[in-house]
Structure formats: C-alpha cells, structure tokens
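Working notes for the structure below.
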Protein chains: 2
Amino acid sequence: MKKEKATIHDIARKLNITASTVSRALKDHPRISAETKKAVQKAAVKLNYQPNNIAAALRNGKSNIIGIIVPTADRTFFSSVVRGIEEIANTAKYNVMICQTYDNFDKEVSTVEALLNARVDGIIVSHGKETQNFEHFLKVKERGIPIILFDRSNDELEVSNVVIDDFLGAYKATEHLVQQGCKRIAHFTNARKISIFKERLRGYREALLDNGLKFDESLVVDSNLQLEDGRSSMEQLLKRKDIPDGVFSSSAYGILGAMQVLKEKGFKVPEDVALVGFSNEPFTSFTEPPLSTVDQHPMRMGNAAAEIFLEEMAAKDKKFIPQKIVLKPELIIRQSSLRKKPN
Amino acid sequence: MKKEKATIHDIARKLNITASTVSRALKDHPRISAETKKAVQKAAVKLNYQPNNIAAALRNGKSNIIGIIVPTADRTFFSSVVRGIEEIANTAKYNVMICQTYDNFDKEVSTVEALLNARVDGIIVSHGKETQNFEHFLKVKERGIPIILFDRSNDELEVSNVVIDDFLGAYKATEHLVQQGCKRIAHFTNARKISIFKERLRGYREALLDNGLKFDESLVVDSNLQLEDGRSSMEQLLKRKDIPDGVFSSSAYGILGAMQVLKEKGFKVPEDVALVGFSNEPFTSFTEPPLSTVDQHPMRMGNAAAEIFLEEMAAKDKKFIPQKIVLKPELIIRQSSLRKKPN
DNA sequence: CTCCAATGCGCAATCGATTGCATTTTAGGA
DNA sequence: TCCTAAAATGCAATCGATTGCGCATTGGAG
C-alpha cells in the first residue's frame with residue numbers, strides 16, 4: 001500500500017529549487033529557462049508526480065469540471081447529448097460529471113447542491129418531469145456559475161438553453177400523416193406544463209388546421225408516455241366508435257406501446273393506423289414495421305450547450321446575455337407511416 | 001453577477017467566534033455548546049453559506065466522489081449498474097462521477113488519469129473491449145485508492161471485482177435450447193481474450209457436451225456483437241448446407257441482428273431457429289417474437305461494487321484482500337426460444 | 001474555600017498549487 | 001571592469017476547511 005504522493009515540493013527539493021519554479025516550469029511559464037523546465041519534467045516523471053487538481057481548484061476557484069444533470073442516462077437521446085458535450089468540453093480541458101435524477105424533483109435539487117459544493121465550473125441540465133419550480137437553477141446563476149438547459153427548458157427562466165424546434169418537429173410529423181391520407185389523427189402528450197410537450201401539441205394542432213382538418217380535443221391523450229402508457233392510451237382510443245387512422249406521439253416509447261396494441265388487436269400499421277413518434281431511439285428502427293420518428297440531433301445539442309458554456313466562461317464578469325439556440329429537427333420516415341410509395 | 005461566497009470565516013466574524021468553532025459546530029462536534037451550534041446554523045442559513053468541498057477535500061485528502069468508468073452509459077445494463085452503485089454510495093454521502101470511454105483504450109487511460117487528478121476516493125470500472133493492458137488500473141491500486149471492476153474483469157489482476165457467472169448463464173441458455181429440441185446450436189462470441197466471452201463460450205460448450213451434442217468449432221462465429229455483426233454472422237451461417245436450428249449470442253444486439261436476417265429470409269423463429277441472447281436490454285422484450293435472454297442483475301451488481309468500495313475504505317491502511325463476488329444470472333425465457341408449451 | 005475535571009473555544013499549522021512582487025543572477029554594453 | 005536591464009528564481013500569502021493541542025471558564029466534590 002505505497003502511497004507515493006509526490007508534490008511539486010518534492011520535485012523542488014530534489015532539484016534544489018522552489019515550488020514556485022516547479023509550478024511555473026510545469027505550466028511552461030516564459031520566465032523559466034528551458035533548462036530548468038527539462039529538469040523539472042524529468043524529475044516529475046521520475047517521482048511519478050500527479051498534479052493535485054483539488055489544490056489547484058481551491059487556489060484558482062475553478063475545478064475544470066462541468067456538471068451534467070439528466071433524468072436518466074440510459075436513453076440514447078441523453079447519452080448522445082452527453083457525448084456531444086464531452087466532445088467540446090474535453091478539447092477545452094474540462095471533464096464532465098454526469099448525474100441522474102430519475103425524474104425525481106428532490107433528487108434534482110440535491111444534485112444541484114452537490115455539484116455546487118463540488119465547485120463545478122458550470123452545469124448543463126435537462127430537468128425532470130416533475131420540475132415546476134426552478135429556484136435551484138436560479139441559485140446556480142446567482143452564484144455566478146453558468147447554467148445551460150437543454151431539451152426541456154423554460155422560457156421564463158433567464159438562462160441560456162438549447163432546444164429543438166419542437167413545434168416544427170410536431171408540425172412536420174403531423175403534416176406527413178395528413179399527406180399519407182390520415183383524416184383522424186390522435187396525439188399522445190404529457191404534462192402540458194412542460195414546454196416541449198406544449199410546443200409539440202401546438203405543432204400538431206397547427207398542422208391539422210393548416211391542412212384543412214379540425215382539431216379534436218378528444219383525440220389528445222395525456223399520459224406519462226412510457227410503454228405502458230402508450231398501450232393504455234391506444235386501448236382507450238380503440239374503444240371509440242370513430243377510431244383514429246393516425247397517431248403522433250410525443251415520445252418513442254409511447255408510439256411503441258400503441259403499435260403493440262394495434263397489432264395485437266389485428267389492425268395493420270400503417271394501412272389502418274399510421275404512426276409517428278418522437279426521439280430517434282435506436283429501437284425505433286428495428287420494430288416491425290420500423291417506426292417513423294422525429295430526430296432531435298442530440299450530439300449537436302450537446303455541442304451547442306458546451307459551446308455556450310465556454311462562451312459564458314470567457315465572458316465572465318461582463319454580464320452575459322442568456323442565449324437560446326434552436327435546432328431544426330428532422331423527420332425520419334419509416335414504414336410505420338408510409339402508405340404511399342414515393343414517386 | 002453577485003458572487004456571495006460565504007465561508008466559515010464570514011460566519012465566525014459575524015458571531016465573534018473563530019472559524020474552528022464554526023467548523024466544529026457545523027459538524028456537530030460534542031465539545032461545542034448547543035447554543036453556539038444553533039447560532040452558527042442560523043448564521044449559515046442567513047449568509048447563504050455553502051461548504052466548499054474542495055477545501056475540505058484538500059485538507060482531508062478525500063473528495064467523497066466515486067469515479068465510475070463505463071464503455072457507454074446508454075446501455076441499460078450499464079446505467080442500471082450505475083444506479084445500483086448510486087443507491088449505496090449516496091447513503092454513505094458519496095457522489096458519483098460517470099465517465100464514458102466509448103470502448104476506446106486511450107480514452108480509458110486518460111479517464112483514469114483524470115479521475116486520479118480529481119482525487120476521487122475510488123474507481124469502479126467496466127473496461128473497454130480493446131483493453132488488454134491493465135497497468136492503468138494497477139496504478140490506481142498502487143496509489144492506495146480502491147478500484148473495483150465489474151462485469152468485464154480479469155482474474156490475473158489482483159483487484160476486487162463483481163461479475164456474474166457467465167459460464168452458468170451460457171450453460172443455462174444453451175441447455176434450454178437443447179431442451180427445446182435444438183440439435184445444431186450456433187454461438188456468437190467476441191474477442192475471446194475477454195474473460196466474459198471466454199466463459200460464455202465455455203458454458204456453451206460444456207452444455208452441449210453434457211447433453212450429448214458435439215461441439216462444432218465452425219458453429220462459433222466471432223464478431224463485435226453489434227447489430228450489424230449479428231446480421232452478417234447469421235448470413236454467414238445460412239450459407240452452410242447444414243444450417244443451425246438454434247443460436248445463442250453473447251450479446252443482445254447480436255441476437256437481434258440474427259433474428260432480423262432470419263425473418264427476412266423467411267425462416268420462422270423459434271420453429272426453424274430458436275434464439276437466446278445475453279443482457280436483458282428492454283428492447284429484447286418487445287421484438288417479435290420477444291427474445292429470450294440472460295439477465296445479469298445489473299442493479300445488484302452495482303450494489304455489490306459499491307459495498308466493496310465502502311469496505312475497502314473502512315479497511316484503509318490494513319492491507320485489503322481483493323474480493324470477488326459472483327452473481328447468479330437468470331435465464332429469461334420468451335417466445336424466441338419457446339417451442340414446446342410448458343405443461 | 002480549594003482544587004480538579006469537565007466543558008467550550010481559540011491558535012496555528014496543514015493540505016498542494018498558484019502568483020504578485022521582490023530578489024538574485026546573467027549577459028551585454030559602455 | 002563597472003553598471004544596468006533583462007532573465008531566472010525565490011518569498012510568502014492565499015484559497016477554505018480541518019484538527020491537535022492548549023488555554024480559560026465553570027461547576028461540583030471534598
């Protein structure tokens with residue numbers, strides 16, 4: 001159990017110089033001679049020196065760590081965003097610390113607290129479904145540390161955020177269903193207080209109206225959008241006398257549940273009911289038939305969030321004007337909604 | 001941009017006491033009067049005091065952070081393990097820092113380095129597929145900080161690890177196929193140097209021999225086990241004149257690829273070819289037919305890893321004998337392998 | 001009324017790296 | 001050879017929390 005904890009002082013002692021010089025030499029300070037630098041490098045390797053980031057963090061007031069908070073990391077959407085953040089962050093010498101809230105509000109609050117205490121230099125977060133109160137995020141901002149929201153956001157909050165144009169995504173998806181001949185299109189949504197779902201609902205509605213169909217509130221089903229919810233929502237719709245001939249779901253699992261129920265009951269997809277979901281999770285491409293979906297470009301979203309963070313860090317002190325980046329979603333058309341052969 | 005950075009000194013000044021007393025009061029030290037403690041608490045709240053964990057970490061030599069390294073967080077298996085770790089770690093006041101290597105060896109090495117510099121108190125890791133050299137892990141151990149491997153491990157390495165009995169899982173899966181009447185069972189494996197795949201191959205082989213079938217090397221296909229690999233492996237097998245009537249894959253995506261190809265070519269699952277995979281990823285339950293698979297109990301695996309970490313921390317200084325925990329896997333039988341109705 | 005032992009707090013050093021300013025060394029010009 | 005500016009390094013304080021040791025109260029026993 002050897003605990004070799006070589007510090008710059010050990011290097012200094014070995015070379016008969018001071019820690020200051022060692023510190024400067026290691027950072028390639030111009031006022032240190034090339035000779036000394038080489039000697040220090042060599043000694044550092046020899047003593048197996050590892051910088052103590054904690055000490056540096058204490059002194060500098062920055063830890064070079066970005067905290068990332070997501071509801072869960074096991075959705076490809078979120079893990080891809082994380083990857084996008086890392087791409088940018090790593091090149092700027094930042095490390096990331098990923099925390100999961102499991103959509104639990106209390107856990108979200110305590111996580112923010114923990115990251116703050118860990119003195120992260122910034123926080124990038126997609127908040128949980130339960131989150132109505134945003135004080136914990138404001139607190140971060142007031143502490144002067146950058147906070148950037150992605151995907152799930154809140155316009156009233158004066159912080160930077162990166163989102164996709166949910167309205168447009170939903171609009172495209174719905175319009176596509178109309179073009180495929182659907183006349184009665186249902187919509188699965190969730191907690192309408194959350195901006196992304198509100199926007200998607202709005203896009204769905206506008207697309208209907210713009211295409212000469214009417215918006216029927218009774219075709220909008222509110223649920224938690226998980227697999228089981230999608231199933232029960234579909235079952236509920238199938239009890240009607242005028243069952244829908246198309247469904248646009250605000251989630252990937254929701255539409256999967258719908259498809260399962262439809263097939264179990266003998267309906268054909270897309271002939272009887274055409275389906276389009278949201279979030280291009282991998283599994284949507286290997287269901288039968290493969291599911292059409294709205295791709296959110298998660299990697300780009302992560303890149304953008306990290307870039308905003310870096311800009312905010314650079315602009316430190318000057319007051320930074322929160323910026324909003326809106327990415328364009330892409331409709332990916334697969335078998336589940338394709339009735340007509342493209343000419 | 002107000003930067004209220006209240007420290008224990010600010011509290012001390014306000015109450016006309018010293019920082020030592022404040023520090024002790026906040027930690028409920030017995031030698032501090034109840035009165036003082038209350039006053040400190042109140043002042044702390046009033047000044048919006050947030051402890052600086054970095055300062056404490058520097059002084060104590062511990063950060064209360066556990067580093068977790070996984071190839072990728074977007075596989076349910078890994079994210080569940082993380083969740084299992086968090087469950088235990090959080091109750092012991094530890095936070096986790098999740099890092100992804102994307103199965104890239106260099107990234108794995110640099111991640112270990114980064115965690116070491118961040119002065120994490122321990123590292124829990126499942127190494128990448130490329131990893132043949134384990135020096136970076138040994139370095140961690142030599143530094144006196146606990147390192148625990150999970151799932152993918154290496155017996156020659158003298159460090160604690162938590163794995164499932166891969167041999168048993170494969171044995172059960174293969175035996176099940178035999179019981180369903182399969183006579184020519186193929187196996188998808190990966191880089192046989194990795195212990196988990198070697199063990200599964202061994203389990204497959206033993207089960208065949210124990211059940212009166214012979215082991216045919218030509219039915220073992222080596223690939224990277226992703227979706228595309230599963231497809232091409234299956235295509236390769238279908239070119240034979242004596243095509244297999246069962247496939248056991250060491251991964252979930254591999255077996256999915258196989259099923260896709262089989263269905264495209266008009267084979268029936270499980271009647272013509274029965275399939276069993278590994279890793280109970282959610283999607284395996286909603287393919288058609290649903291895929292049989294070996295569940296690895298990822299949450300328990302995470303729990304166990306975290307518990308070992310805590311034990312090692314407690315045993316600090318005394319030399320800790322690396323321990324190995326082997327969990328029993330569970331075979332989950334679904335339609336893809338079920339030919340006979342259970343009586 | 002003394003004296004001792006709890007009880008409550010303060011002092012000062014420590015963790016390791018960083019950095020403004022001071023000091024020493026070196027090189028080159030006069 | 002002397003002097004000075006430039007080059008190279010050293011000094012010491014700092015970041016904030018922690019903690020062993022020591023000092024000063026206070027209460028109660030004898």
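Residues in the structure tokens are numbered from 1 in each chain, the chains being A, B, ... in the order shown, and ligands are numbered from 1 in the order shown.
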
Would you please give, as a ChimeraX atom specification, all residues of range 99-341 of chain A that DSSP assigns to helix (DSSP H, G or I) based on the backbone?
-> /A:105-117,135-142,166-179,195-210,217-219,227-238,252-264,282-285,298-314,335-337

Specify as a PyMOL selection string all residues of chain B found within 12 Å of chain D, counting only C-alpha atoms (C1' of nucleotides).
-> chain B and resi 5-10+19-24+26-27+29+50-61

Could you tell me, as a ChimeraX atom specification, which residues of range 65-204 of chain A DSSP assigns to strand (DSSP E) when given the backbone?
-> /A:65-70,95-100,122-125,147-150,160-164,185-189

Would you save the residues of that selection, restricted to C-alpha atoms, as a PDB file, in the first residue's frame?
ATOM      1  CA  ILE A  65     -15.409  20.118 -14.167  1.00  0.00           C
ATOM      2  CA  ILE A  66     -18.751  20.571 -15.849  1.00  0.00           C
ATOM      3  CA  GLY A  67     -21.706  19.023 -14.090  1.00  0.00           C
ATOM      4  CA  ILE A  68     -24.348  17.399 -16.253  1.00  0.00           C
ATOM      5  CA  ILE A  69     -27.751  16.571 -14.884  1.00  0.00           C
ATOM      6  CA  VAL A  70     -30.118  14.340 -16.807  1.00  0.00           C
ATOM      7  CA  ASN A  95     -14.115  16.958 -17.528  1.00  0.00           C
ATOM      8  CA  VAL A  96     -17.741  16.137 -17.070  1.00  0.00           C
ATOM      9  CA  MET A  97     -19.574  14.742 -14.106  1.00  0.00           C
ATOM     10  CA  ILE A  98     -22.839  13.084 -15.038  1.00  0.00           C
ATOM     11  CA  CYS A  99     -25.647  12.840 -12.508  1.00  0.00           C
ATOM     12  CA  GLN A 100     -29.032  11.195 -12.874  1.00  0.00           C
ATOM     13  CA  GLY A 122     -20.799  25.066 -14.886  1.00  0.00           C
ATOM     14  CA  ILE A 123     -23.938  22.981 -15.021  1.00  0.00           C
ATOM     15  CA  ILE A 124     -25.719  21.677 -18.087  1.00  0.00           C
ATOM     16  CA  VAL A 125     -29.092  20.224 -17.329  1.00  0.00           C
ATOM     17  CA  ILE A 147     -26.053  27.085 -16.198  1.00  0.00           C
ATOM     18  CA  ILE A 148     -27.406  25.888 -19.500  1.00  0.00           C
ATOM     19  CA  LEU A 149     -30.638  24.000 -20.028  1.00  0.00           C
ATOM     20  CA  PHE A 150     -31.163  21.662 -22.924  1.00  0.00           C
ATOM     21  CA  SER A 160     -29.229  30.005 -21.758  1.00  0.00           C
ATOM     22  CA  ASN A 161     -30.727  26.984 -23.367  1.00  0.00           C
ATOM     23  CA  VAL A 162     -30.514  24.703 -26.331  1.00  0.00           C
ATOM     24  CA  VAL A 163     -33.646  23.149 -27.652  1.00  0.00           C
ATOM     25  CA  ILE A 164     -35.004  21.810 -30.852  1.00  0.00           C
ATOM     26  CA  ILE A 185     -55.005  11.870 -36.196  1.00  0.00           C
ATOM     27  CA  ALA A 186     -54.605  11.320 -32.467  1.00  0.00           C
ATOM     28  CA  HIS A 187     -51.827  12.753 -30.310  1.00  0.00           C
ATOM     29  CA  PHE A 188     -50.117  11.412 -27.207  1.00  0.00           C
ATOM     30  CA  THR A 189     -48.796  14.125 -24.936  1.00  0.00           C
TER      31      THR A 189
END

Selection: 9 Å around Ile333 in chain A, only C-alpha atoms (C1' of nucleotides), excl. self and same-chain fewer than 2 positions, as a ChimeraX atom specification = /A:173,176,276,291-294,331,335-338

Could you list, as a PyMOL selection string, every residue of chain A that has an atom within 9 Å of an atom of chain B, counting only C-alpha atoms?
-> chain A and resi 1-5+50-55+57-58+63+72-80+83+95-100+111+113-114+116-119+141-145+256+260+283+286-288+317-319

Per residue of chain C within 10 Å of chain B, what are the shortest atom pair and its distance in Å to one decimal, counting only C-alpha atoms (C1' of nucleotides), with rows by chain and residue number, as JSON lines?
{"residue": "C:DT7", "atom": "C1'", "partner": "B:Arg31", "partner_atom": "CA", "distance": 6.9}
{"residue": "C:DG8", "atom": "C1'", "partner": "B:Ile32", "partner_atom": "CA", "distance": 6.0}
{"residue": "C:DC9", "atom": "C1'", "partner": "B:Thr21", "partner_atom": "CA", "distance": 6.6}
{"residue": "C:DG10", "atom": "C1'", "partner": "B:Thr18", "partner_atom": "CA", "distance": 6.7}
{"residue": "C:DC11", "atom": "C1'", "partner": "B:Ser20", "partner_atom": "CA", "distance": 9.4}
{"residue": "C:DT14", "atom": "C1'", "partner": "B:Arg59", "partner_atom": "CA", "distance": 7.1}
{"residue": "C:DC15", "atom": "C1'", "partner": "B:Arg59", "partner_atom": "CA", "distance": 4.3}
{"residue": "C:DG16", "atom": "C1'", "partner": "B:Leu58", "partner_atom": "CA", "distance": 7.8}

Could those selected residues go to a file with C-alpha atoms (C1' of nucleotides), as a PDB file, in the first residue's frame?
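Saved the output as out33.pdb:
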ATOM      1  C1'  DT C   7     -16.600  21.894  29.137  1.00  0.00           C
ATOM      2  C1'  DG C   8     -16.165  25.372  25.496  1.00  0.00           C
ATOM      3  C1'  DC C   9     -13.238  27.718  22.308  1.00  0.00           C
ATOM      4  C1'  DG C  10      -9.108  29.752  20.155  1.00  0.00           C
ATOM      5  C1'  DC C  11      -4.376  29.234  17.937  1.00  0.00           C
ATOM      6  C1'  DT C  14      -1.813  21.877   7.275  1.00  0.00           C
ATOM      7  C1'  DC C  15      -3.452  20.151   2.602  1.00  0.00           C
ATOM      8  C1'  DG C  16      -0.761  21.455  -2.620  1.00  0.00           C
TER       9       DG C  16
END

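Taking CA of Gln226 in chain A and CA of Glu135 in chain A as endpoints, the distance between them is 27.9 Å.
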
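You will find CA of Asn154 in chain A at 16.2 Å from CA of Met301 in chain A.
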
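Taking CA of Phe134 in chain A and CA of Val326 in chain A as endpoints, the distance between them is 21.0 Å.
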